[in-house]
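K.L.:
Take a look at this one; I'll ask things after.
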Amino acid sequence: MTDDEVNAAADVFMRDATVSLFRFESGYTVDPAAAVKDYEPSRRSVAEPDASETFRRGMVRTAILLARPAAS
């Protein structure tokens with residue numbers, strides 16, 4: 001996974017928090033919605049109306065990086 005791919009996955013989630021599939025160039029996939037839901041700090045920050053966009057995006061990236069990509 002490259003930084004650009006993780007950023008793209010975060011962008012997809014930020015546009016639509018229900019997105020359940022993102023495919024990396026390597027062929028691995030991740031469920032951004034599940035990744036955020038499963039990582040409590042990210043889940044809380046995304047739901048926090050006073051959190052900045054930059055902070056929320058960073059927390060989404062963290063959740064995606066901590067998720068276990070699946071081979072497809």
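By order of appearance in the structure tokens: chains A, B, ..., then residues from 1 within every chain, and ligands from 1 in the order shown.
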Within chain A, find each residue whose DSSP state, derived from the backbone, is alpha helix (DSSP H), and express the selection as a PyMOL selection string.
P.N.:
chain A and resi 3-15+32-38+40-47+53-66
K.L.:
Looking only at the backbone, which of the residues in chain A does DSSP tag as strand (DSSP E), as a list in words?
P.N.:
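Those in chain A that DSSP calls strand (DSSP E) are Phe22, Arg23, Thr29 and Val30 of chain A.
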K.L.:
How about saving the chosen residues, N, CA, C and O atoms kept, as a short mmCIF file (atom, residue, chain, number, x, y, z; two decimals), in the first residue's frame?
P.N.:
```cif
data_model
loop_
_atom_site.label_atom_id
_atom_site.label_comp_id
_atom_site.auth_asym_id
_atom_site.auth_seq_id
_atom_site.Cartn_x
_atom_site.Cartn_y
_atom_site.Cartn_z
N PHE A 22 -12.56 -1.04 -0.87
CA PHE A 22 -11.56 -0.25 -1.58
C PHE A 22 -10.48 -1.22 -2.02
O PHE A 22 -9.97 -1.99 -1.21
N ARG A 23 -10.13 -1.18 -3.29
CA ARG A 23 -9.13 -2.11 -3.84
C ARG A 23 -7.81 -1.36 -4.08
O ARG A 23 -7.77 -0.36 -4.78
N THR A 29 -7.84 -5.74 -0.71
CA THR A 29 -8.97 -4.87 -0.47
C THR A 29 -9.09 -4.57 1.02
O THR A 29 -8.58 -5.32 1.86
N VAL A 30 -9.77 -3.50 1.31
CA VAL A 30 -10.06 -3.13 2.69
C VAL A 30 -11.48 -2.57 2.72
O VAL A 30 -11.96 -2.01 1.72
#
```
K.L.:
Record the distance separating atom CA of A:Phe13 and atom CA of A:Thr62, expressed in Å with one decimal.
P.N.:
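Those two atoms sit 12.5 Å apart.
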K.L.:
Could you list, as a PyMOL selection string, every residue within 6 Å of stretch 32-41 of chain A, counting only C-alpha atoms and ignoring same-chain residues fewer than 2 positions away?
P.N.:
chain A and resi 17-20+30+43-44+63-64+67
K.L.:
Based on the selection just made, write all heavy atoms of those residues as a tab-separated table (two decimals), in the first residue's frame.
P.N.:
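Saved to selection_11.tsv:
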```tsv
chain	number	residue	atom	x	y	z
A	17	ALA	N	-19.30	7.50	3.95
A	17	ALA	CA	-18.89	6.70	5.11
A	17	ALA	C	-19.45	5.28	5.09
A	17	ALA	O	-19.12	4.49	5.97
A	17	ALA	CB	-19.31	7.40	6.40
A	18	THR	N	-20.24	4.94	4.09
A	18	THR	CA	-20.78	3.58	4.01
A	18	THR	C	-19.99	2.70	3.05
A	18	THR	O	-20.33	1.51	2.89
A	18	THR	CB	-22.26	3.59	3.58
A	18	THR	OG1	-22.35	4.09	2.24
A	18	THR	CG2	-23.10	4.45	4.51
A	19	VAL	N	-18.96	3.24	2.41
A	19	VAL	CA	-18.18	2.47	1.43
A	19	VAL	C	-17.58	1.25	2.11
A	19	VAL	O	-16.90	1.37	3.13
A	19	VAL	CB	-17.07	3.34	0.81
A	19	VAL	CG1	-16.12	2.51	-0.02
A	19	VAL	CG2	-17.69	4.42	-0.05
A	20	SER	N	-17.83	0.08	1.53
A	20	SER	CA	-17.38	-1.15	2.17
A	20	SER	C	-16.28	-1.87	1.39
A	20	SER	O	-15.88	-2.97	1.78
A	20	SER	CB	-18.56	-2.09	2.38
A	20	SER	OG	-19.12	-2.44	1.13
A	30	VAL	N	-9.77	-3.50	1.31
A	30	VAL	CA	-10.06	-3.13	2.69
A	30	VAL	C	-11.48	-2.57	2.72
A	30	VAL	O	-11.96	-2.01	1.72
A	30	VAL	CB	-9.03	-2.12	3.24
A	30	VAL	CG1	-9.16	-0.76	2.58
A	30	VAL	CG2	-9.12	-1.99	4.75
A	43	ARG	N	-13.61	6.03	15.10
A	43	ARG	CA	-15.08	6.08	15.12
A	43	ARG	C	-15.55	7.32	15.87
A	43	ARG	O	-16.44	8.04	15.42
A	43	ARG	CB	-15.63	4.80	15.76
A	43	ARG	CG	-17.14	4.73	15.73
A	43	ARG	CD	-17.67	3.42	16.29
A	43	ARG	NE	-17.38	3.28	17.70
A	43	ARG	CZ	-16.65	2.32	18.24
A	43	ARG	NH1	-16.09	1.39	17.47
A	43	ARG	NH2	-16.44	2.27	19.54
A	44	ARG	N	-14.95	7.59	17.03
A	44	ARG	CA	-15.34	8.77	17.81
A	44	ARG	C	-15.01	10.07	17.09
A	44	ARG	O	-15.81	11.01	17.09
A	44	ARG	CB	-14.65	8.75	19.17
A	44	ARG	CG	-15.28	7.81	20.16
A	44	ARG	CD	-14.80	8.07	21.58
A	44	ARG	NE	-13.39	8.41	21.67
A	44	ARG	CZ	-12.45	7.63	22.17
A	44	ARG	NH1	-12.73	6.47	22.65
A	44	ARG	NH2	-11.19	8.04	22.19
A	63	ALA	N	-7.14	4.26	10.86
A	63	ALA	CA	-7.99	3.06	10.88
A	63	ALA	C	-7.72	2.18	9.68
A	63	ALA	O	-7.64	0.95	9.81
A	63	ALA	CB	-9.46	3.47	10.93
A	64	ILE	N	-7.55	2.78	8.53
A	64	ILE	CA	-7.28	2.01	7.31
A	64	ILE	C	-5.91	1.31	7.42
A	64	ILE	O	-5.77	0.15	7.05
A	64	ILE	CB	-7.36	2.91	6.06
A	64	ILE	CG1	-8.83	3.31	5.84
A	64	ILE	CG2	-6.78	2.22	4.83
A	64	ILE	CD1	-9.03	4.43	4.85
A	67	ALA	N	-6.21	-1.68	9.67
A	67	ALA	CA	-7.08	-2.76	9.18
A	67	ALA	C	-6.24	-3.86	8.54
A	67	ALA	O	-5.09	-3.64	8.14
A	67	ALA	CB	-8.08	-2.21	8.18
```
K.L.:
Let me make sure I understand: among A:Met59, A:Ser45, A:Asp16, A:Glu25, which one has the smallest atom-to-atom distance to A:Met1 if we use only C-alpha atoms?
P.N.:
A:Glu25
K.L.:
What's the separation between atom CA of A:Tyr28 and atom CA of A:Glu5, in Å to one decimal place?
P.N.:
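Answer for the atom CA of A:Tyr28 to atom CA of A:Glu5 separation: 11.3 Å.
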K.L.:
Grab the atom CA of A:Pro49 to atom CA of A:Asp3 distance for me, in Å with one decimal place.
P.N.:
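Taking atom CA of A:Pro49 as the start and atom CA of A:Asp3 as the end point, the length is 26.4 Å.
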K.L.:
Within 8 Å of stretch 52-57 of chain A, counting only C-alpha atoms, which residues qualify if same-chain residues fewer than 4 places away don't, as number ranges by chain?
P.N.:
A: 10-11, 14, 42, 45-46, 61
K.L.:
For all heavy atoms, I'd like the residues from the last selection saved as a CSV table (one decimal), in the first residue's frame.
P.N.:
```csv
chain,number,residue,atom,x,y,z
A,10,ALA,N,-9.0,6.9,2.2
A,10,ALA,CA,-9.6,7.9,3.1
A,10,ALA,C,-10.5,8.8,2.4
A,10,ALA,O,-11.6,9.1,2.9
A,10,ALA,CB,-8.4,8.6,3.8
A,11,ASP,N,-10.1,9.3,1.2
A,11,ASP,CA,-11.0,10.2,0.5
A,11,ASP,C,-12.3,9.6,0.2
A,11,ASP,O,-13.4,10.2,0.3
A,11,ASP,CB,-10.3,10.6,-0.8
A,11,ASP,CG,-9.1,11.5,-0.6
A,11,ASP,OD1,-9.0,12.1,0.5
A,11,ASP,OD2,-8.3,11.7,-1.6
A,14,MET,N,-14.3,9.6,3.3
A,14,MET,CA,-14.8,10.9,3.7
A,14,MET,C,-16.0,11.4,2.8
A,14,MET,O,-16.8,12.1,3.2
A,14,MET,CB,-13.6,11.9,3.6
A,14,MET,CG,-12.5,11.6,4.6
A,14,MET,SD,-13.0,11.6,6.3
A,14,MET,CE,-13.2,13.4,6.5
A,42,SER,N,-11.0,6.4,15.9
A,42,SER,CA,-11.4,6.9,14.6
A,42,SER,C,-12.9,7.0,14.6
A,42,SER,O,-13.4,8.0,14.1
A,42,SER,CB,-11.0,5.9,13.5
A,42,SER,OG,-9.6,6.0,13.4
A,45,SER,N,-13.8,10.1,16.5
A,45,SER,CA,-13.4,11.4,15.8
A,45,SER,C,-14.3,11.7,14.6
A,45,SER,O,-14.6,12.9,14.4
A,45,SER,CB,-12.0,11.4,15.4
A,45,SER,OG,-11.7,10.5,14.4
A,46,VAL,N,-14.7,10.7,13.9
A,46,VAL,CA,-15.5,10.9,12.7
A,46,VAL,C,-16.9,11.4,13.1
A,46,VAL,O,-17.5,12.2,12.4
A,46,VAL,CB,-15.6,9.6,11.9
A,46,VAL,CG1,-16.7,9.7,10.8
A,46,VAL,CG2,-14.3,9.3,11.2
A,61,ARG,N,-7.4,7.6,8.1
A,61,ARG,CA,-6.1,7.0,7.5
A,61,ARG,C,-5.6,6.0,8.6
A,61,ARG,O,-5.2,4.9,8.2
A,61,ARG,CB,-5.1,8.0,7.3
A,61,ARG,CG,-5.2,8.7,5.9
A,61,ARG,CD,-4.1,9.7,5.7
A,61,ARG,NE,-2.8,9.2,6.1
A,61,ARG,CZ,-2.0,8.5,5.2
A,61,ARG,NH1,-2.4,8.2,4.0
A,61,ARG,NH2,-0.8,8.0,5.6
```
K.L.:
Name the closest residue to A:Ser72 among the candidates A:Gly27, A:Asp4, A:Ala47, A:Ala9; distances are taken between atoms, counting only C-alpha atoms.
P.N.:
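Smallest distance to A:Ser72 is found for A:Gly27.
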K.L.:
Which residue gives the smallest distance to A:Thr2 among A:Asp50, A:Arg15, A:Asp31, A:Leu65, with only C-alpha atoms counted?
P.N.:
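Ranking A:Asp50, A:Arg15, A:Asp31, A:Leu65 by distance to A:Thr2, first place goes to A:Leu65.
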